[in-house]
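Visitor: My structure is stored as data_0.cif, with mmCIF, C-alpha atoms and all ligand atoms.
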```cif
data_data
#
loop_
_atom_site.label_atom_id
_atom_site.label_comp_id
_atom_site.auth_asym_id
_atom_site.auth_seq_id
_atom_site.Cartn_x
_atom_site.Cartn_y
_atom_site.Cartn_z
CA MET A 1 67.63 82.98 137.38
CA GLU A 2 65.10 80.52 136.06
CA ILE A 3 65.67 79.66 132.39
CA ARG A 4 62.90 77.97 130.43
CA PHE A 5 64.10 75.47 127.82
CA GLU A 6 62.32 74.74 124.55
CA LYS A 7 63.67 71.72 122.72
CA ARG A 8 63.98 71.73 118.96
CA GLU A 9 62.71 68.84 116.87
CA GLN A 10 65.86 68.20 114.93
CA LEU A 11 69.43 69.32 115.52
CA LYS A 12 71.42 70.88 112.68
CA GLU A 13 74.30 69.14 110.99
CA LYS A 14 77.59 70.47 112.34
CA PRO A 15 80.01 72.11 109.88
CA ASP A 16 83.49 70.86 109.05
CA GLN A 17 85.74 72.18 111.84
CA LYS A 18 88.57 72.69 109.37
CA HIS A 19 86.60 75.27 107.36
CA LEU A 20 84.64 77.29 109.86
CA GLY A 21 85.61 80.82 108.86
CA PHE A 22 84.05 83.43 111.13
CA GLY A 23 80.37 83.75 112.07
CA LYS A 24 78.97 81.70 109.22
CA PHE A 25 77.28 78.83 111.07
CA MET A 26 74.81 79.43 113.88
CA THR A 27 74.18 76.78 116.53
CA ASP A 28 70.88 75.07 117.39
CA TYR A 29 69.71 77.34 120.20
CA MET A 30 69.70 80.94 121.37
CA PHE A 31 69.18 82.66 124.72
CA LEU A 32 66.56 85.38 125.09
CA MET A 33 65.33 87.55 127.94
CA ASP A 34 63.00 90.56 127.96
CA TRP A 35 63.01 93.83 129.88
CA ASP A 36 60.05 96.08 130.40
CA ALA A 37 59.84 99.29 132.39
CA GLY A 38 58.34 98.44 135.77
CA GLN A 39 58.95 94.71 135.40
CA GLY A 40 62.70 94.57 134.80
CA TRP A 41 64.28 91.43 133.29
CA HIS A 42 61.94 88.49 132.86
CA ASP A 43 61.19 85.37 130.83
CA ALA A 44 64.73 84.04 130.40
CA ARG A 45 64.63 81.21 127.91
CA ILE A 46 66.73 79.05 125.62
CA VAL A 47 64.83 78.28 122.44
CA PRO A 48 65.60 76.91 118.95
CA TYR A 49 67.73 79.35 116.93
CA GLY A 50 65.63 81.20 114.40
CA PRO A 51 64.21 84.51 113.17
CA ILE A 52 62.56 86.89 115.61
CA GLN A 53 59.63 89.15 114.91
CA MET A 54 60.12 92.89 114.97
CA ASP A 55 57.60 95.64 114.51
CA PRO A 56 58.61 97.90 111.59
CA ALA A 57 58.45 100.85 114.01
CA CYS A 58 60.86 99.17 116.46
CA VAL A 59 63.19 101.84 117.92
CA THR A 60 66.30 99.80 117.09
CA LEU A 61 65.57 99.77 113.36
CA HIS A 62 65.42 103.56 113.30
CA TYR A 63 67.67 104.89 116.04
CA ALA A 64 70.09 101.99 116.63
CA GLN A 65 69.65 101.62 120.38
CA GLU A 66 71.75 98.45 120.37
CA THR A 67 74.85 97.13 122.13
CA PHE A 68 76.74 93.86 121.88
CA GLU A 69 79.64 91.82 123.20
CA GLY A 70 82.07 89.29 121.79
CA MET A 71 83.55 86.39 123.73
CA LYS A 72 84.59 82.78 123.19
CA ALA A 73 84.28 79.30 124.73
CA TYR A 74 87.36 77.11 124.31
CA ARG A 75 87.65 73.33 124.22
CA ARG A 76 90.56 72.13 126.33
CA ALA A 77 92.60 69.02 125.55
CA ASP A 78 90.83 67.17 128.39
CA GLY A 79 87.50 67.86 126.68
CA LYS A 80 86.32 70.43 129.24
CA ILE A 81 85.07 73.85 128.10
CA GLN A 82 86.15 77.21 129.47
CA LEU A 83 85.37 80.91 129.08
CA PHE A 84 87.90 83.71 129.24
CA ARG A 85 87.27 86.63 131.65
CA PRO A 86 83.48 86.67 131.05
CA GLU A 87 82.92 89.20 133.82
CA MET A 88 84.91 91.76 131.83
CA ASN A 89 82.42 91.47 128.96
CA ALA A 90 79.57 91.77 131.44
CA LYS A 91 81.05 94.96 132.91
CA ARG A 92 81.77 96.44 129.52
CA MET A 93 78.18 95.83 128.45
CA ILE A 94 77.01 97.68 131.56
CA ASN A 95 79.17 100.65 130.55
CA SER A 96 77.95 100.52 126.95
CA ASN A 97 74.34 100.34 128.10
CA LYS A 98 74.73 103.27 130.46
CA ARG A 99 75.90 105.43 127.56
CA LEU A 100 73.04 104.30 125.31
CA CYS A 101 70.41 104.64 128.07
CA MET A 102 69.66 100.94 128.06
CA PRO A 103 68.90 98.72 131.06
CA GLU A 104 71.84 97.02 132.74
CA ILE A 105 72.27 93.31 133.25
CA PRO A 106 73.98 92.47 136.55
CA VAL A 107 77.36 90.75 136.03
CA GLU A 108 76.22 87.48 137.66
CA MET A 109 73.09 87.32 135.51
CA PHE A 110 75.08 87.96 132.31
CA VAL A 111 77.63 85.26 133.15
CA GLU A 112 74.91 82.79 134.15
CA ALA A 113 73.14 83.32 130.82
CA VAL A 114 76.40 82.82 128.89
CA LYS A 115 77.19 79.64 130.83
CA ALA A 116 73.68 78.32 130.25
CA ILE A 117 73.73 78.72 126.47
CA VAL A 118 77.28 77.34 126.19
CA LYS A 119 76.30 74.33 128.31
CA THR A 120 73.31 73.75 126.03
CA GLU A 121 75.54 74.04 122.97
CA GLN A 122 78.54 72.18 124.37
CA ASP A 123 78.65 69.81 121.40
CA TRP A 124 79.17 72.85 119.17
CA VAL A 125 82.43 73.88 120.88
CA PRO A 126 84.99 72.74 118.29
CA SER A 127 88.18 70.91 119.15
CA GLU A 128 90.35 71.51 116.06
CA PRO A 129 93.42 73.70 116.75
CA GLU A 130 92.70 77.47 116.65
CA THR A 131 88.92 77.00 116.76
CA SER A 132 86.43 78.09 119.41
CA LEU A 133 82.76 78.84 119.94
CA TYR A 134 82.25 82.57 119.42
CA ILE A 135 79.53 83.94 121.70
CA ARG A 136 77.61 87.06 120.74
CA PRO A 137 75.48 88.59 123.53
CA PHE A 138 73.51 91.62 122.35
CA MET A 139 70.72 93.87 123.49
CA PHE A 140 68.31 96.12 121.64
CA ALA A 141 65.21 98.22 122.12
CA THR A 142 61.96 96.49 121.12
CA GLU A 143 59.46 99.28 121.69
CA SER A 144 57.56 100.48 118.64
CA ALA A 145 57.44 104.26 118.47
CA LEU A 146 59.06 106.76 116.15
CA GLY A 147 59.84 109.46 118.70
CA VAL A 148 63.50 109.56 119.70
CA HIS A 149 63.57 108.65 123.37
CA MET A 150 64.72 105.98 125.82
CA ALA A 151 62.67 102.91 124.95
CA THR A 152 60.52 101.16 127.53
CA SER A 153 61.20 97.59 126.39
CA TYR A 154 64.33 95.65 125.38
CA LYS A 155 65.53 92.19 124.46
CA PHE A 156 68.79 90.57 125.50
CA MET A 157 69.92 87.67 123.36
CA ILE A 158 72.92 85.38 123.00
CA ILE A 159 73.75 83.52 119.82
CA CYS A 160 76.76 81.27 119.22
CA THR A 161 78.83 80.30 116.21
CA PRO A 162 81.79 77.91 115.93
CA VAL A 163 84.72 79.85 114.44
CA GLY A 164 88.23 79.60 113.10
CA ALA A 165 90.41 82.64 112.39
CA TYR A 166 88.67 86.02 111.91
CA TYR A 167 90.94 87.06 109.06
CA GLU A 168 91.66 84.91 106.05
CA GLU A 169 95.32 85.64 106.80
CA GLY A 170 95.02 83.77 110.15
CA ILE A 171 98.10 84.60 112.19
CA ASN A 172 99.91 85.89 109.08
CA PRO A 173 100.48 89.66 108.90
CA VAL A 174 97.74 91.93 107.55
CA ARG A 175 97.98 95.18 105.56
CA ILE A 176 96.45 98.17 107.32
CA LEU A 177 95.41 101.49 105.80
CA VAL A 178 95.51 104.55 108.06
CA GLU A 179 92.22 106.44 107.55
CA ASP A 180 92.95 110.16 107.20
CA GLU A 181 89.50 111.47 106.30
CA LEU A 182 86.71 109.58 108.08
CA VAL A 183 86.68 109.36 111.88
CA ARG A 184 85.39 106.72 114.26
CA ALA A 185 85.02 108.45 117.62
CA VAL A 186 85.32 111.71 119.53
CA GLN A 187 85.40 112.53 123.23
CA GLY A 188 81.88 112.49 124.61
CA GLY A 189 80.69 110.11 121.89
CA THR A 190 80.24 106.35 121.94
CA GLY A 191 83.77 105.23 121.00
CA PHE A 192 84.32 103.36 124.27
CA THR A 193 81.09 101.38 123.90
CA LYS A 194 80.41 98.29 121.86
CA CYS A 195 77.37 99.55 119.99
CA GLY A 196 76.34 98.61 116.48
CA GLY A 197 76.38 102.26 115.41
CA ASN A 198 80.16 102.48 115.85
CA TYR A 199 80.62 99.60 113.46
CA ALA A 200 78.01 100.86 110.94
CA ALA A 201 79.92 104.14 110.70
CA SER A 202 83.18 102.25 110.13
CA ILE A 203 82.03 100.27 107.09
CA LEU A 204 82.74 102.99 104.50
CA GLY A 205 86.39 103.17 105.61
CA GLN A 206 86.57 99.38 105.57
CA VAL A 207 85.10 99.16 102.04
CA ARG A 208 87.52 101.78 100.71
CA ALA A 209 90.46 100.01 102.37
CA GLU A 210 89.46 96.64 100.93
CA GLU A 211 89.18 98.16 97.46
CA LYS A 212 92.82 99.13 97.77
CA GLY A 213 93.85 95.67 98.95
CA PHE A 214 94.04 96.34 102.69
CA THR A 215 92.50 94.15 105.36
CA GLN A 216 91.49 96.84 107.85
CA VAL A 217 91.53 100.53 108.69
CA LEU A 218 93.56 102.16 111.46
CA TRP A 219 91.52 105.01 112.93
CA LEU A 220 93.10 108.25 114.04
CA ASP A 221 91.66 110.50 116.76
CA GLY A 222 88.53 112.33 115.62
CA VAL A 223 89.69 115.88 116.36
CA GLU A 224 93.20 116.32 114.98
CA ARG A 225 93.37 113.12 112.91
CA LYS A 226 96.84 112.82 114.34
CA TYR A 227 97.00 110.13 117.04
CA VAL A 228 96.54 106.41 116.42
CA GLU A 229 93.51 104.90 118.16
CA GLU A 230 92.28 101.48 117.06
CA VAL A 231 91.73 99.23 114.09
CA GLY A 232 88.27 98.22 112.78
CA THR A 233 87.83 95.09 114.87
CA MET A 234 90.71 95.26 117.32
CA ASN A 235 92.95 97.42 119.49
CA ILE A 236 96.48 97.94 118.21
CA MET A 237 99.93 97.89 119.81
CA PHE A 238 103.37 98.89 118.56
CA LYS A 239 106.82 97.80 119.68
CA ILE A 240 109.21 100.70 119.17
CA ASP A 241 112.81 100.55 120.39
CA GLY A 242 111.87 97.55 122.52
CA GLU A 243 108.97 99.28 124.30
CA ILE A 244 105.23 98.84 123.80
CA TYR A 245 102.86 101.65 122.83
CA THR A 246 99.08 101.61 122.64
CA ALA A 247 96.33 104.24 122.74
CA PRO A 248 94.95 105.06 126.21
CA ILE A 249 91.38 104.20 127.22
CA GLU A 250 90.04 107.72 127.58
CA GLY A 251 86.60 107.65 126.00
CA THR A 252 87.25 107.02 122.32
CA VAL A 253 88.94 103.61 122.30
CA LEU A 254 87.22 100.30 123.04
CA PRO A 255 88.48 98.79 126.33
CA GLY A 256 89.35 95.40 124.86
CA VAL A 257 89.49 92.29 127.03
CA THR A 258 92.38 90.97 124.94
CA ARG A 259 94.07 94.40 125.10
CA ASP A 260 93.90 94.37 128.91
CA SER A 261 95.17 90.78 129.11
CA ILE A 262 98.08 91.43 126.75
CA LEU A 263 99.14 94.56 128.67
CA HIS A 264 99.11 92.52 131.90
CA ILE A 265 101.26 89.82 130.34
CA LEU A 266 103.70 92.28 128.75
CA ARG A 267 104.20 94.13 132.05
CA ASP A 268 104.76 90.79 133.78
CA TRP A 269 107.36 89.92 131.16
CA GLY A 270 109.18 93.14 132.06
CA TYR A 271 108.26 95.29 129.06
CA GLN A 272 107.91 99.02 129.41
CA VAL A 273 104.30 99.65 128.37
CA HIS A 274 103.04 103.11 127.40
CA GLU A 275 99.29 103.71 127.20
CA THR A 276 99.76 107.02 125.54
CA LYS A 277 98.95 109.15 122.50
CA LEU A 278 101.18 108.28 119.58
CA ALA A 279 101.24 110.55 116.53
CA ILE A 280 100.95 108.79 113.18
CA GLU A 281 103.84 110.90 111.79
CA ASP A 282 106.11 109.67 114.62
CA LEU A 283 104.96 106.10 114.03
CA MET A 284 105.72 106.24 110.29
CA GLN A 285 109.09 107.82 111.00
CA ALA A 286 109.91 105.07 113.51
CA ALA A 287 108.93 102.53 110.86
CA HIS A 288 111.21 104.09 108.25
CA GLU A 289 114.08 104.28 110.72
CA GLY A 290 113.66 100.59 111.54
CA ARG A 291 112.68 101.36 115.12
CA LEU A 292 109.12 100.07 114.72
CA GLU A 293 109.95 96.47 115.39
CA GLU A 294 106.46 95.00 115.56
CA ALA A 295 102.83 96.02 115.28
CA PHE A 296 99.89 93.80 116.18
CA GLY A 297 96.17 94.01 116.74
CA THR A 298 94.46 92.45 119.74
CA GLY A 299 90.82 91.37 119.96
CA THR A 300 88.58 88.47 120.93
CA ALA A 301 87.74 87.65 117.33
CA ALA A 302 91.17 88.50 115.90
CA VAL A 303 93.22 87.25 118.95
CA ILE A 304 96.69 88.60 118.01
CA SER A 305 96.97 89.82 114.46
CA PRO A 306 100.39 90.96 113.27
CA VAL A 307 100.51 94.03 111.02
CA GLY A 308 102.92 93.66 108.10
CA GLU A 309 102.29 96.97 106.39
CA LEU A 310 101.01 100.40 107.36
CA ALA A 311 99.96 102.86 104.66
CA PHE A 312 99.30 106.52 105.44
CA LYS A 313 98.46 108.99 102.66
CA ASP A 314 101.15 108.42 100.02
CA ASP A 315 103.57 106.84 102.47
CA ALA A 316 103.84 103.13 103.26
CA ALA A 317 106.05 101.12 105.57
CA THR A 318 106.68 97.41 105.80
CA ILE A 319 107.02 96.14 109.36
CA ASN A 320 109.41 93.37 110.33
CA GLN A 321 109.77 92.33 106.67
CA PHE A 322 106.10 91.38 106.64
CA LYS A 323 106.78 88.54 109.07
CA ILE A 324 105.16 87.82 112.42
CA GLY A 325 107.33 89.37 115.15
CA GLU A 326 108.91 87.47 118.01
CA VAL A 327 106.84 89.16 120.72
CA SER A 328 103.60 88.87 118.71
CA GLN A 329 104.20 85.13 118.27
CA LYS A 330 105.14 84.64 121.92
CA LEU A 331 102.04 86.54 123.05
CA TYR A 332 99.82 84.56 120.71
CA ASN A 333 101.22 81.26 121.98
CA TYR A 334 100.94 82.22 125.63
CA LEU A 335 97.48 83.83 125.52
CA THR A 336 95.91 81.10 123.41
CA GLY A 337 97.76 78.60 125.62
CA ILE A 338 95.83 79.94 128.62
CA GLN A 339 92.57 80.10 126.67
CA TRP A 340 92.80 76.53 125.40
CA GLY A 341 94.05 75.28 128.76
CA LYS A 342 97.55 74.36 127.59
CA GLU A 343 99.29 76.92 129.82
CA GLU A 344 98.81 77.29 133.55
CA ASP A 345 96.26 80.07 134.16
CA LYS A 346 98.20 81.94 136.82
CA TYR A 347 95.96 85.00 136.46
CA GLY A 348 92.73 83.13 137.20
CA TRP A 349 91.22 84.34 133.92
CA THR A 350 89.52 81.16 132.79
CA VAL A 351 86.11 79.97 133.98
CA GLU A 352 85.22 76.33 133.53
CA ILE A 353 81.71 75.56 132.35
C1 LIG B 1 85.32 90.79 118.86
O1 LIG B 1 86.54 90.79 118.75
O2 LIG B 1 84.74 89.96 119.56
C2 LIG B 1 84.49 91.76 118.19
O3 LIG B 1 83.42 92.03 118.65
C3 LIG B 1 84.94 92.33 116.93
C4 LIG B 1 83.91 92.13 115.91
C5 LIG B 1 83.16 93.29 115.51
C6 LIG B 1 84.07 91.02 114.99
#
```
Now, as a test, write the supplied structure out as structure tokens.
Guide:
Amino acid sequence: MEIRFEKREQLKEKPDQKHLGFGKFMTDYMFLMDWDAGQGWHDARIVPYGPIQMDPACVTLHYAQETFEGMKAYRRADGKIQLFRPEMNAKRMINSNKRLCMPEIPVEMFVEAVKAIVKTEQDWVPSEPETSLYIRPFMFATESALGVHMATSYKFMIICTPVGAYYEEGINPVRILVEDELVRAVQGGTGFTKCGGNYAASILGQVRAEEKGFTQVLWLDGVERKYVEEVGTMNIMFKIDGEIYTAPIEGTVLPGVTRDSILHILRDWGYQVHETKLAIEDLMQAAHEGRLEEAFGTGTAAVISPVGELAFKDDAATINQFKIGEVSQKLYNYLTGIQWGKEEDKYGWTVEI
């Protein structure tokens, strides 16, 4: 792929790596590429980061034909930069786009675009512990027309932001509220895709949870509101009686890259792993009986996020005395060890830039 480069006059001042937060500072450049019916993908370019023009009748602004991905570039101790399983993000975007009737980007093209923008922005990949360059590829319809239909033109873009921990809590446990009224996904819907609409529909639950002092919402299945599915920005796993439980990928749950990696590692470590439906009542009971030993979220942004409290209706349970669990800590150390190049990458998951 040929990528045109447009240099900016002046580079931005880089933020203090010790106070990055999440998604607050955008880098100097962005990647763009256009798709038109008949022409396919064309005009790949890296240009100065800045606003883009959109027609007020743009399909995306009305009908949300939009998908996105989340991935990170890590600075190793030797100064080199690496990505983590980028082809999994590329494949997931293909699956999201199929569901939303959007054009697909071949895996190689997606990865090449990601590598190109990260190479351009290499000075923005932070080196402080626990920091990385968060990469946000996204695609949206650009056609202007108010009829609901598959659009005939799209844009694919990648923006980057140096980040620290997603949650203020960092690796400390978070409080999670189980949502018993609103739902996130149903079979046949878009739950398995990474589309903006899924997140827009989740904000009300998130706002209500925050008002009550919780960090995130745990979504139950959309039909019976009985089985645990996922948390707002991450998949979730439970250690009960020494075994690991997480919701299966069957159409409503996001197939997380971190989820898949953690399940691989846990199986390798000899844990019994169940990708199965788990009823919230059984989970709360296990918590009260002291059998729920650990709970943790997994996600690119959140990495491993221990859950210290689960609240469901008028019931609440503290998990592992609101402390990070042994397995959660071990997983965090090992996974981030691979990502930051401190552990041997025996799975071949990292890709050097
Ligand atoms: C990620 O973990 O990369 C995500 O996309 C979650 C996000 C919505 C912050």
Visitor: Identify which of the residues A:Tyr63, A:Tyr199, A:Phe156, A:Phe110 lies closest to ligand LIG 1 (chain B), counting all atoms listed in the file when measuring atom-to-atom distances.
Guide: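 Using all atoms listed in the file, the shortest distance to ligand LIG 1 (chain B) belongs to A:Tyr199.
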Visitor: Residues near segment 74-79 of chain A, anyone? I mean within 8 Å using only C-alpha atoms, not counting same-chain ones fewer than 6 positions away, as a list of chain:residue names.
Guide: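 These residues fall inside the cut-off: A:Val125, A:Pro126, A:Ser127, A:Thr131, A:Ser132, A:Leu133, A:Gln339, A:Trp340, A:Gly341, A:Lys342.
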Visitor: For ligand LIG 1 (chain B), return the neighbouring residues as a PyMOL selection string (distance at most 9 Å; all atoms listed in the file).
Guide: chain A and resi 22-23+68-72+134-136+166+194+196+199+232-234+256-258+298-303
Visitor: What gap, in Å, lies between atom CA of Tyr167 of chain A and atom CA of Ile117 of chain A?
Guide: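 Pair atom CA of Tyr167 of chain A / atom CA of Ile117 of chain A returns 25.9 Å.
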Visitor: Could you tell me which of A:Phe5, A:Phe84, A:Tyr227, A:Phe25 comes closest to Thr252 of chain A if we count all atoms listed in the file?
Guide: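 Smallest separation from Thr252 of chain A among the options: A:Tyr227.
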Visitor: One decimal, in Å: what's the spacing between atom CA of Ile236 of chain A and atom CA of Pro255 of chain A?
Guide: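 Interatomic distance, atom CA of Ile236 of chain A to atom CA of Pro255 of chain A: 11.4 Å.
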Visitor: For a test of reading the model, state the distance in Å between atom CA of Met26 of chain A and atom CA of Gly297 of chain A, rounded to one decimal.
Guide: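 Spanning atom CA of Met26 of chain A to atom CA of Gly297 of chain A is a straight-line distance of 26.0 Å.
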Visitor: For Gln39 of chain A, work out the shell of residues within 12 Å, counting all atoms listed in the file and skipping chain neighbours fewer than 6 positions away, then give it as a list of chain:residue names.
Guide: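 My list of contacting residues is A:Pro103, A:Thr152, A:Ser153, A:Tyr154.
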Visitor: Counting all atoms listed in the file, figure out which residue out of A:Lys98, A:Lys330, A:Lys239, A:Lys323 gets nearest to Ala286 of chain A.
Guide: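 Among the listed residues, the smallest separation from Ala286 of chain A belongs to A:Lys239.
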Visitor: Any idea what's packed within 6 Å of segment 204-220 of chain A, counting all atoms listed in the file, ignoring anything in its chain fewer than 2 positions away? Could you give it as a count of residues only?
Guide: 14
Visitor: With all atoms listed in the file as the basis for distance, which of A:Val163, A:Ala185, A:Met33, A:Leu310 is at the shortest distance from Phe138 of chain A?
Guide: A:Met33
